[in-house]
Amino acid sequence: MDLKQVGYRTYLPRKFKVAVTVPGDNSIDAYTHDVCLIVIMDESGKNLKGYNIMVGGGMGRTHNKETTFARTADHLGYVAKEDLTEVMKSILAAQRDHGNREIRANARLKYLVHTLGVDNFRKLVESYFGKKIQPWVPLPEWQMVDWLGWHPQGDGKWFLGVNVEQGRIKNEGSFKLKTALRKIVDTYGCDIRLTPHQNIELCGIEEKDKASIDAILKEHGIKSLQEIDDMTRKGIACPAFPLCGLAQSEAERVMPQYIKRISTLMEKMGLPGESFVMRMTGCPNGCARPYMAEMAFVGMGGDSYQIWLGGSPNQDGRTAWRWKDRVKNEDVEGTIEPLLYMWKSQRNGQAERFGDFIHRLGQEAVDKYVESYELGTAFKNVVVEKLPSKKVAISLIDRPLRFLMIPTRQQNKSPSWELPCCTLLPGIPASDHGAAAVRSLPRPPGGPQPEKISQPVRLIGPGRTFRPRTAVPAGLGNVTDGESDCAGVVRYRGGVRPPGERPRWRGRAPAK
């Protein structure tokens with residue numbers, strides 16, 4: 001199919017968004033795009049094999065118009081790398097020829113996929129493509145990562161993820177993010193990337209410049225990664241007033257207040273440090289992807305919002321559902337209080353996240369509980385729940401894994417050491433698993449010196465010196481995975497080792 005035949009002289013019905021990611025990395029909200037490509041490598045992890053393709057995602061909707069809705073993408077299938085261009089042309093041609101051109105509100109690809117069903121849409125694409133699309137390749141679980149902090153970028157240089165609260169780069173009092181970024185870019189010539197989480201990545205930084213850049217950020221009042229609370233890291237909002245002509249309510253300018261108010265509410269009821277994905281938009285068009293969040297506020301005019309509940313913590317394939325309309329700003333705490341207390345008192349252990357809990361119970365059970373709830377109950381005889389140790393997932397790109405240490409947090413006390421040879425999973429601050437300071441520990445054969453470690457560890461593989469070239473989230477590309485859920489189980493390639501069983505060394509480490 002010639003590219004000019006696809007849309008050279010013909011507009012598509014509406015905008016058409018395409019995203020690309022790798023298995024496990026859901027930093028792009030993979031299920032919210034018209035088309036999402038997931039890179040699939042061969043067994044060696046060194047060569048590109050093909051792509052999994054998802055189709056039909058989109059967030060835009062209109063209040064009180066049920067023919068418009070948010071939708072997550074469907075799994076179309078897998079194609080070899082040499083077929084990608086032709087398959088993409090075929091998807092475009094299907095939307096060009098069959099997309100709704102009569103009703104603008106229903107012109108996005110998601111409505112075509114929804115109307116036909118993904119199986120029929122696949123057949124339609126195959127009729128343009130000329131051959132069958134192969135079955136979907138199984139993937140590891142998705143993780144919503146934000147890539148904040150320092151990370152090696154694979155070419156000997158580093159990139160730095162800088163948190164930009166609600167995407168607003170500004171100078172305000174002692175907080176001078178705009179000035180700091182300008183100084184860093186002018187001085188070090190960094191490349192800049194903007195992220196779907198409204199943050200900035202400064203790329204191409206030399207190792208010798210890292211300390212200087214950290215100093216510039218500190219000098220200009222920018223918080224370190226460990227100082228940013230999880231609710232802020234996970235939350236995003238659209239610009240809304242005064243910049244957007246479609247805005248019905250505030251979003252970006254009030255989101256920090258909402259985060260603080262809900263965090264305070266959780267502290268009062270004995271949930272200090274808990275967090276979930278919260279998003280806010282000034283209208284229902286969904287630019288901040290609120291319908292994927294565990295809790296979302298969607299503007300309905302003035303200071304009132306629609307509340308959505310039950311999205312996935314990792315944005316992995318389901319939308320939230322609409323719970324209440326026109327909740328006033330001053331009524332937010334009273335409206336949310338029973339939900340948070342229900343989560344605290346009825347969840348299946350502290351590991352069950354808010355969105356998963358709400359999704360499991362469903363709207364009927366939530367409504368029934370809220371109707372019978374007496375305001376203030378959450379603040380009587382408060383039992384403070386200490387945060388459980390969070391899963392720390394690490395993946396290393398290099399030769400097969402030879403040495404890995406994983407700290408176990410106990411009663412929220414921080415040990416005096418951090419992973420000496422690994423990079424933490426982006427999106428999980430060091431404070432969450434008790435790591436406090438970096439210390440280079442000796443690594444003789446058989447493991448580290450026990451007297452150097454103040455917390456329990458688990459060892460995998462022979463204890464040889466290990467210098468990974470880079471670190472990425474678990475399951476991405478050419479990696480060997482090791483992870484701990486801090487409950488005594490170490491998962492590694494080949495299965496699960498139960499607590500108490502001695503690690504089996506798997507031969508000599510490869511020569512360098």
# chains A, B, ... in the order shown; residues from 1 in each chain; ligands from 1

$ residues_around --residues "Pro13 (chain A)" --least-positions-apart "3" --cutoff "9 Å" --atoms "only C-alpha atoms" --output "VMD selection string"
chain A and resid 16 95 to 96 99 to 101 104 107 to 109

$ select_by_dssp --residues "region 146-349 of chain A" --states "helix (DSSP H, G or I)" --output "ChimeraX atom specification"
/A:165-167,177-188,207-219,225-227,230-234,255-268,290-292,329-346

$ residues_around --residues "region 174-186 of chain A" --least-positions-apart "5" --cutoff "7 Å" --atoms "only C-alpha atoms" --output "PDB file with N, CA, C and O atoms, in the first residue's frame"
ATOM      1  N   ILE A 169       6.088  24.829  35.113  1.00  0.00           N
ATOM      2  CA  ILE A 169       7.452  25.291  35.354  1.00  0.00           C
ATOM      3  C   ILE A 169       7.379  26.759  35.747  1.00  0.00           C
ATOM      4  O   ILE A 169       6.935  27.598  34.962  1.00  0.00           O
ATOM      5  N   ILE A 213      24.861  19.367  39.092  1.00  0.00           N
ATOM      6  CA  ILE A 213      23.452  19.578  38.734  1.00  0.00           C
ATOM      7  C   ILE A 213      22.562  19.417  39.953  1.00  0.00           C
ATOM      8  O   ILE A 213      21.620  20.197  40.174  1.00  0.00           O
ATOM      9  N   ILE A 216      22.763  22.601  41.877  1.00  0.00           N
ATOM     10  CA  ILE A 216      21.981  23.690  41.281  1.00  0.00           C
ATOM     11  C   ILE A 216      20.514  23.563  41.652  1.00  0.00           C
ATOM     12  O   ILE A 216      19.854  24.539  42.027  1.00  0.00           O
ATOM     13  N   LEU A 217      19.982  22.350  41.560  1.00  0.00           N
ATOM     14  CA  LEU A 217      18.578  22.137  41.908  1.00  0.00           C
ATOM     15  C   LEU A 217      18.319  22.458  43.382  1.00  0.00           C
ATOM     16  O   LEU A 217      17.325  23.116  43.716  1.00  0.00           O
ATOM     17  N   HIS A 220      18.237  26.151  44.135  1.00  0.00           N
ATOM     18  CA  HIS A 220      17.048  26.858  43.662  1.00  0.00           C
ATOM     19  C   HIS A 220      15.757  26.331  44.297  1.00  0.00           C
ATOM     20  O   HIS A 220      14.656  26.607  43.800  1.00  0.00           O
ATOM     21  N   GLY A 221      15.876  25.564  45.359  1.00  0.00           N
ATOM     22  CA  GLY A 221      14.712  25.171  46.141  1.00  0.00           C
ATOM     23  C   GLY A 221      13.921  24.004  45.598  1.00  0.00           C
ATOM     24  O   GLY A 221      12.757  23.801  45.993  1.00  0.00           O
ATOM     25  N   ILE A 222      14.519  23.201  44.706  1.00  0.00           N
ATOM     26  CA  ILE A 222      13.809  22.052  44.148  1.00  0.00           C
ATOM     27  C   ILE A 222      14.013  20.856  45.073  1.00  0.00           C
ATOM     28  O   ILE A 222      15.141  20.527  45.442  1.00  0.00           O
TER      29      ILE A 222
END

$ closest_atom_pairs --of "region 269-306 of chain A" --to "region 359-380 of chain A" --cutoff "10 Å" --atoms "only C-alpha atoms" --output "tab-separated table"
residue	atom	partner	partner_atom	distance
A:Met269	CA	A:Phe379	CA	5.2
A:Gly270	CA	A:Phe379	CA	8.2
A:Glu294	CA	A:His359	CA	9.1

$ residues_around --residues "region 48-63 of chain A" --least-positions-apart "5" --cutoff "6 Å" --atoms "only C-alpha atoms" --output "mmCIF file with N, CA and C atoms, in the first residue's frame"
data_model
loop_
_atom_site.group_PDB
_atom_site.id
_atom_site.type_symbol
_atom_site.label_atom_id
_atom_site.label_comp_id
_atom_site.auth_asym_id
_atom_site.auth_seq_id
_atom_site.Cartn_x
_atom_site.Cartn_y
_atom_site.Cartn_z
ATOM 1 N N TYR A 31 -2.694 2.098 27.446
ATOM 2 C CA TYR A 31 -4.044 1.727 27.014
ATOM 3 C C TYR A 31 -4.916 2.919 26.627
ATOM 4 N N THR A 32 -4.362 4.119 26.605
ATOM 5 C CA THR A 32 -5.172 5.305 26.337
ATOM 6 C C THR A 32 -5.002 5.852 24.926
ATOM 7 N N HIS A 33 -4.262 5.165 24.057
ATOM 8 C CA HIS A 33 -3.946 5.707 22.742
ATOM 9 C C HIS A 33 -4.709 5.000 21.627
ATOM 10 N N ASP A 34 -4.807 5.670 20.476
ATOM 11 C CA ASP A 34 -5.415 5.028 19.309
ATOM 12 C C ASP A 34 -4.665 3.750 18.958
ATOM 13 N N VAL A 35 -3.341 3.856 18.941
ATOM 14 C CA VAL A 35 -2.486 2.696 18.682
ATOM 15 C C VAL A 35 -1.313 2.731 19.649
ATOM 16 N N CYS A 36 -0.997 1.602 20.242
ATOM 17 C CA CYS A 36 0.204 1.497 21.075
ATOM 18 C C CYS A 36 1.010 0.298 20.604
ATOM 19 N N LEU A 37 2.303 0.514 20.415
ATOM 20 C CA LEU A 37 3.229 -0.532 19.993
ATOM 21 C C LEU A 37 4.100 -0.932 21.169
ATOM 22 N N ILE A 38 4.212 -2.237 21.426
ATOM 23 C CA ILE A 38 5.083 -2.743 22.489
ATOM 24 C C ILE A 38 6.209 -3.535 21.836
ATOM 25 N N VAL A 39 7.413 -3.098 22.080
ATOM 26 C CA VAL A 39 8.592 -3.710 21.467
ATOM 27 C C VAL A 39 8.783 -5.131 21.996
ATOM 28 N N ILE A 40 8.993 -6.083 21.096
ATOM 29 C CA ILE A 40 9.266 -7.472 21.472
ATOM 30 C C ILE A 40 10.651 -7.857 20.947
ATOM 31 N N MET A 41 11.522 -8.260 21.866
ATOM 32 C CA MET A 41 12.872 -8.660 21.494
ATOM 33 C C MET A 41 12.950 -10.172 21.318
ATOM 34 N N ASP A 42 14.012 -10.643 20.668
ATOM 35 C CA ASP A 42 14.194 -12.088 20.533
ATOM 36 C C ASP A 42 14.700 -12.668 21.844
ATOM 37 N N THR A 68 -20.720 9.021 24.118
ATOM 38 C CA THR A 68 -19.278 9.281 24.218
ATOM 39 C C THR A 68 -18.770 8.668 25.510
ATOM 40 N N PHE A 69 -17.580 8.110 25.490
ATOM 41 C CA PHE A 69 -17.079 7.414 26.680
ATOM 42 C C PHE A 69 -15.572 7.224 26.580
ATOM 43 N N ALA A 70 -14.957 7.085 27.755
ATOM 44 C CA ALA A 70 -13.541 6.715 27.815
ATOM 45 C C ALA A 70 -13.417 5.222 27.554
ATOM 46 N N ARG A 71 -12.326 4.830 26.921
ATOM 47 C CA ARG A 71 -12.168 3.420 26.557
ATOM 48 C C ARG A 71 -10.695 3.036 26.595
ATOM 49 N N THR A 72 -10.402 1.831 27.097
ATOM 50 C CA THR A 72 -9.033 1.325 27.048
ATOM 51 C C THR A 72 -8.835 0.513 25.775
ATOM 52 N N ALA A 73 -7.612 0.490 25.299
ATOM 53 C CA ALA A 73 -7.295 -0.179 24.044
ATOM 54 C C ALA A 73 -7.420 -1.697 24.168
ATOM 55 N N ASP A 74 -7.683 -2.339 23.034
ATOM 56 C CA ASP A 74 -7.739 -3.797 22.945
ATOM 57 C C ASP A 74 -6.445 -4.337 22.348
ATOM 58 N N HIS A 75 -6.164 -5.609 22.632
ATOM 59 C CA HIS A 75 -4.987 -6.274 22.074
ATOM 60 C C HIS A 75 -5.305 -6.744 20.655
ATOM 61 N N LEU A 76 -4.671 -6.124 19.680
ATOM 62 C CA LEU A 76 -4.908 -6.502 18.288
ATOM 63 C C LEU A 76 -4.122 -7.752 17.920
ATOM 64 N N GLY A 77 -2.852 -7.817 18.356
ATOM 65 C CA GLY A 77 -2.020 -8.973 18.045
ATOM 66 C C GLY A 77 -0.568 -8.585 17.882
ATOM 67 N N TYR A 78 0.184 -9.490 17.287
ATOM 68 C CA TYR A 78 1.635 -9.315 17.122
ATOM 69 C C TYR A 78 1.980 -9.323 15.644
ATOM 70 N N VAL A 79 2.957 -8.482 15.265
ATOM 71 C CA VAL A 79 3.474 -8.486 13.894
ATOM 72 C C VAL A 79 5.001 -8.468 13.932
ATOM 73 N N ALA A 80 5.615 -9.107 12.963
ATOM 74 C CA ALA A 80 7.066 -9.080 12.835
ATOM 75 C C ALA A 80 7.521 -7.671 12.480
ATOM 76 N N LYS A 81 8.764 -7.358 12.792
ATOM 77 C CA LYS A 81 9.259 -6.001 12.590
ATOM 78 C C LYS A 81 9.168 -5.547 11.139
ATOM 79 N N LEU A 109 -10.871 6.559 16.596
ATOM 80 C CA LEU A 109 -10.725 5.135 16.300
ATOM 81 C C LEU A 109 -11.376 4.258 17.356
ATOM 82 N N LYS A 110 -11.385 4.713 18.611
ATOM 83 C CA LYS A 110 -11.940 3.876 19.683
ATOM 84 C C LYS A 110 -13.401 3.515 19.412
ATOM 85 N N VAL A 113 -13.472 0.670 16.760
ATOM 86 C CA VAL A 113 -13.098 -0.612 17.373
ATOM 87 C C VAL A 113 -14.223 -1.104 18.285
ATOM 88 N N PRO A 284 -14.617 17.287 30.744
ATOM 89 C CA PRO A 284 -14.642 15.833 30.545
ATOM 90 C C PRO A 284 -13.792 15.325 29.388
ATOM 91 N N ASN A 285 -13.061 16.203 28.694
ATOM 92 C CA ASN A 285 -12.290 15.750 27.535
ATOM 93 C C ASN A 285 -11.112 14.848 27.903
ATOM 94 N N GLY A 286 -10.715 14.845 29.160
ATOM 95 C CA GLY A 286 -9.802 13.812 29.655
ATOM 96 C C GLY A 286 -8.339 14.005 29.334
#

$ residues_around --residues "Met144 (chain A)" --least-positions-apart "4" --cutoff "10 Å" --atoms "only C-alpha atoms" --output "number ranges by chain"
A: 24-30, 234, 277, 312-316, 426-427, 473

$ write_last_selection --atoms "N, CA and C atoms" --output "mmCIF file, in the first residue's frame"
data_model
loop_
_atom_site.group_PDB
_atom_site.id
_atom_site.type_symbol
_atom_site.label_atom_id
_atom_site.label_comp_id
_atom_site.auth_asym_id
_atom_site.auth_seq_id
_atom_site.Cartn_x
_atom_site.Cartn_y
_atom_site.Cartn_z
ATOM 1 N N GLY A 24 6.295 -4.071 30.209
ATOM 2 C CA GLY A 24 6.359 -3.746 31.626
ATOM 3 C C GLY A 24 6.381 -2.272 31.942
ATOM 4 N N ASP A 25 6.819 -1.432 31.012
ATOM 5 C CA ASP A 25 6.967 0.002 31.274
ATOM 6 C C ASP A 25 5.711 0.734 30.826
ATOM 7 N N ASN A 26 4.847 1.074 31.789
ATOM 8 C CA ASN A 26 3.623 1.792 31.461
ATOM 9 C C ASN A 26 3.717 3.259 31.851
ATOM 10 N N SER A 27 4.858 3.861 31.600
ATOM 11 C CA SER A 27 5.035 5.284 31.863
ATOM 12 C C SER A 27 4.272 6.140 30.862
ATOM 13 N N ILE A 28 3.701 5.525 29.825
ATOM 14 C CA ILE A 28 3.011 6.280 28.776
ATOM 15 C C ILE A 28 1.494 6.102 28.816
ATOM 16 N N ASP A 29 0.954 5.429 29.835
ATOM 17 C CA ASP A 29 -0.473 5.091 29.839
ATOM 18 C C ASP A 29 -0.843 4.390 28.536
ATOM 19 N N ALA A 30 -0.274 3.221 28.359
ATOM 20 C CA ALA A 30 -0.317 2.515 27.077
ATOM 21 C C ALA A 30 -1.725 2.277 26.549
ATOM 22 N N LYS A 234 2.380 10.810 41.778
ATOM 23 C CA LYS A 234 1.420 10.061 40.979
ATOM 24 C C LYS A 234 0.337 10.945 40.351
ATOM 25 N N VAL A 277 -3.245 6.827 42.820
ATOM 26 C CA VAL A 277 -3.184 7.670 41.632
ATOM 27 C C VAL A 277 -4.423 8.557 41.596
ATOM 28 N N SER A 312 -6.913 1.374 37.724
ATOM 29 C CA SER A 312 -5.821 0.506 38.148
ATOM 30 C C SER A 312 -4.627 1.322 38.649
ATOM 31 N N PRO A 313 -3.955 0.876 39.710
ATOM 32 C CA PRO A 313 -2.751 1.563 40.178
ATOM 33 C C PRO A 313 -1.666 1.645 39.115
ATOM 34 N N ASN A 314 -1.641 0.675 38.210
ATOM 35 C CA ASN A 314 -0.623 0.662 37.156
ATOM 36 C C ASN A 314 -1.193 0.966 35.772
ATOM 37 N N GLN A 315 -2.430 1.468 35.747
ATOM 38 C CA GLN A 315 -3.066 1.890 34.485
ATOM 39 C C GLN A 315 -3.078 0.769 33.458
ATOM 40 N N ASP A 316 -3.381 -0.441 33.904
ATOM 41 C CA ASP A 316 -3.147 -1.593 33.041
ATOM 42 C C ASP A 316 -4.408 -2.224 32.465
ATOM 43 N N PRO A 426 12.205 2.808 39.066
ATOM 44 C CA PRO A 426 11.700 4.180 39.026
ATOM 45 C C PRO A 426 10.257 4.229 39.485
ATOM 46 N N GLY A 427 9.930 5.268 40.252
ATOM 47 C CA GLY A 427 8.575 5.380 40.766
ATOM 48 C C GLY A 427 8.455 4.922 42.203
ATOM 49 N N PRO A 473 13.100 -1.183 34.637
ATOM 50 C CA PRO A 473 12.065 -1.918 35.374
ATOM 51 C C PRO A 473 12.030 -3.387 34.999
#

$ atom_distance --atom1 "CA of Cys244 (chain A)" --atom2 "CA of Gln257 (chain A)"
20.2 Å

$ residues_around --residues "Lys131 (chain A)" --least-positions-apart "4" --cutoff "12 Å" --atoms "only C-alpha atoms" --output "list in words"
Val79, Asp83, Glu86, Val87, Ser90, Arg122, Lys123, Leu124, Val125, Glu126 and Ser127 of chain A

$ atom_distance --atom1 "CA of Arg253 (chain A)" --atom2 "CA of Gln166 (chain A)"
8.3 Å

$ residues_around --residues "Lys268 (chain A)" --least-positions-apart "6" --cutoff "12 Å" --atoms "only C-alpha atoms" --output "NGL selection string"
:A and (261-262 or 274 or 333 or 337 or 340-341 or 376-385)

$ write_last_selection --atoms "all heavy atoms" --output "compact mmCIF listing (two decimals), in the first residue's frame"
# COMPACT_ATOMS: atom_id res chain seq x y z
N ARG A 261 -5.14 18.07 51.02
CA ARG A 261 -6.35 17.84 51.82
C ARG A 261 -6.63 16.35 51.98
O ARG A 261 -6.96 15.88 53.08
CB ARG A 261 -7.54 18.54 51.16
CG ARG A 261 -7.48 20.04 51.26
CD ARG A 261 -8.46 20.70 50.29
NE ARG A 261 -9.85 20.37 50.60
CZ ARG A 261 -10.88 20.80 49.85
NH1 ARG A 261 -10.66 21.53 48.76
NH2 ARG A 261 -12.12 20.47 50.18
N ILE A 262 -6.49 15.59 50.92
CA ILE A 262 -6.78 14.15 51.00
C ILE A 262 -5.69 13.42 51.77
O ILE A 262 -5.96 12.48 52.52
CB ILE A 262 -7.00 13.58 49.59
CG1 ILE A 262 -8.31 14.13 49.02
CG2 ILE A 262 -7.03 12.06 49.61
CD1 ILE A 262 -8.62 13.71 47.62
N GLU A 274 0.06 6.68 53.00
CA GLU A 274 -0.63 5.95 51.94
C GLU A 274 -0.81 6.86 50.73
O GLU A 274 -0.86 8.08 50.84
CB GLU A 274 -1.99 5.44 52.41
CG GLU A 274 -1.92 4.20 53.27
CD GLU A 274 -1.62 2.94 52.46
OE1 GLU A 274 -1.30 3.07 51.26
OE2 GLU A 274 -1.71 1.84 53.03
N GLU A 333 -13.92 16.48 51.45
CA GLU A 333 -13.50 15.62 52.56
C GLU A 333 -14.64 14.73 53.05
O GLU A 333 -14.46 13.54 53.27
CB GLU A 333 -12.95 16.45 53.73
CG GLU A 333 -11.54 16.95 53.53
CD GLU A 333 -11.48 18.29 52.80
OE1 GLU A 333 -12.52 18.70 52.25
OE2 GLU A 333 -10.41 18.92 52.79
N GLU A 337 -14.29 10.71 52.77
CA GLU A 337 -14.01 10.06 54.05
C GLU A 337 -14.50 8.62 54.13
O GLU A 337 -13.72 7.71 54.49
CB GLU A 337 -14.60 10.89 55.20
CG GLU A 337 -14.39 10.27 56.56
CD GLU A 337 -15.18 10.97 57.65
OE1 GLU A 337 -15.30 12.22 57.60
OE2 GLU A 337 -15.70 10.28 58.53
N LEU A 340 -12.31 6.15 52.01
CA LEU A 340 -10.98 5.86 52.54
C LEU A 340 -11.07 4.97 53.79
O LEU A 340 -10.25 4.07 53.97
CB LEU A 340 -10.26 7.17 52.87
CG LEU A 340 -9.96 8.08 51.68
CD1 LEU A 340 -9.30 9.37 52.16
CD2 LEU A 340 -9.10 7.39 50.65
N TYR A 341 -12.09 5.21 54.62
CA TYR A 341 -12.22 4.36 55.81
C TYR A 341 -12.66 2.94 55.43
O TYR A 341 -12.24 1.96 56.04
CB TYR A 341 -13.22 4.98 56.78
CG TYR A 341 -13.26 4.25 58.10
CD1 TYR A 341 -12.16 4.26 58.96
CD2 TYR A 341 -14.40 3.53 58.50
CE1 TYR A 341 -12.19 3.58 60.17
CE2 TYR A 341 -14.43 2.86 59.70
CZ TYR A 341 -13.32 2.88 60.53
OH TYR A 341 -13.34 2.21 61.73
N GLY A 376 -17.34 10.98 60.63
CA GLY A 376 -16.55 11.06 61.84
C GLY A 376 -16.14 9.71 62.39
O GLY A 376 -15.27 9.63 63.27
N THR A 377 -16.75 8.63 61.90
CA THR A 377 -16.43 7.29 62.39
C THR A 377 -14.95 6.98 62.22
O THR A 377 -14.33 6.34 63.07
CB THR A 377 -17.26 6.23 61.64
OG1 THR A 377 -18.65 6.50 61.82
CG2 THR A 377 -16.93 4.83 62.14
N ALA A 378 -14.37 7.45 61.13
CA ALA A 378 -12.97 7.15 60.83
C ALA A 378 -12.01 7.75 61.84
O ALA A 378 -10.86 7.30 61.94
CB ALA A 378 -12.62 7.66 59.43
N PHE A 379 -12.47 8.74 62.61
CA PHE A 379 -11.57 9.43 63.53
C PHE A 379 -11.76 9.01 64.98
O PHE A 379 -11.21 9.62 65.90
CB PHE A 379 -11.78 10.95 63.40
CG PHE A 379 -11.80 11.42 61.97
CD1 PHE A 379 -12.87 12.14 61.48
CD2 PHE A 379 -10.76 11.10 61.12
CE1 PHE A 379 -12.90 12.56 60.16
CE2 PHE A 379 -10.77 11.52 59.79
CZ PHE A 379 -11.84 12.25 59.31
N LYS A 380 -12.54 7.96 65.20
CA LYS A 380 -12.75 7.45 66.55
C LYS A 380 -11.85 6.24 66.79
O LYS A 380 -11.80 5.32 65.97
CB LYS A 380 -14.22 7.04 66.74
CG LYS A 380 -15.22 8.18 66.58
CD LYS A 380 -16.65 7.67 66.65
CE LYS A 380 -17.65 8.80 66.45
NZ LYS A 380 -19.06 8.31 66.45
N ASN A 381 -11.16 6.24 67.90
CA ASN A 381 -10.28 5.13 68.26
C ASN A 381 -9.34 4.77 67.09
O ASN A 381 -9.27 3.62 66.64
CB ASN A 381 -11.09 3.90 68.67
CG ASN A 381 -12.03 4.17 69.82
OD1 ASN A 381 -11.65 4.81 70.80
ND2 ASN A 381 -13.27 3.70 69.70
N VAL A 382 -8.66 5.78 66.61
CA VAL A 382 -7.82 5.61 65.42
C VAL A 382 -6.66 4.67 65.70
O VAL A 382 -5.93 4.82 66.69
CB VAL A 382 -7.29 6.97 64.94
CG1 VAL A 382 -6.31 6.77 63.78
CG2 VAL A 382 -8.44 7.86 64.52
N VAL A 383 -6.50 3.69 64.84
CA VAL A 383 -5.35 2.80 64.87
C VAL A 383 -4.47 3.16 63.67
O VAL A 383 -4.92 3.05 62.52
CB VAL A 383 -5.76 1.33 64.80
CG1 VAL A 383 -4.53 0.43 64.73
CG2 VAL A 383 -6.64 0.96 65.99
N VAL A 384 -3.27 3.61 63.96
CA VAL A 384 -2.38 4.01 62.89
C VAL A 384 -1.76 2.79 62.24
O VAL A 384 -1.17 1.95 62.91
CB VAL A 384 -1.26 4.94 63.41
CG1 VAL A 384 -0.31 5.32 62.27
CG2 VAL A 384 -1.87 6.19 64.03
N GLU A 385 -1.94 2.66 60.94
CA GLU A 385 -1.39 1.53 60.20
C GLU A 385 -0.05 1.90 59.60
O GLU A 385 0.05 2.87 58.86
CB GLU A 385 -2.36 1.09 59.10
CG GLU A 385 -3.67 0.55 59.64
CD GLU A 385 -4.48 -0.15 58.56
OE1 GLU A 385 -3.98 -0.26 57.43
OE2 GLU A 385 -5.59 -0.61 58.87

$ closest_residue --among "A:Ser224, A:Pro196, A:Trp343, A:Asp356" --to "Ala19 (chain A)" --atoms "only C-alpha atoms"
A:Pro196

$ closest_residue --among "A:Phe357, A:Tyr128, A:Trp150, A:Tyr188" --to "Asn163 (chain A)" --atoms "only C-alpha atoms"
A:Trp150
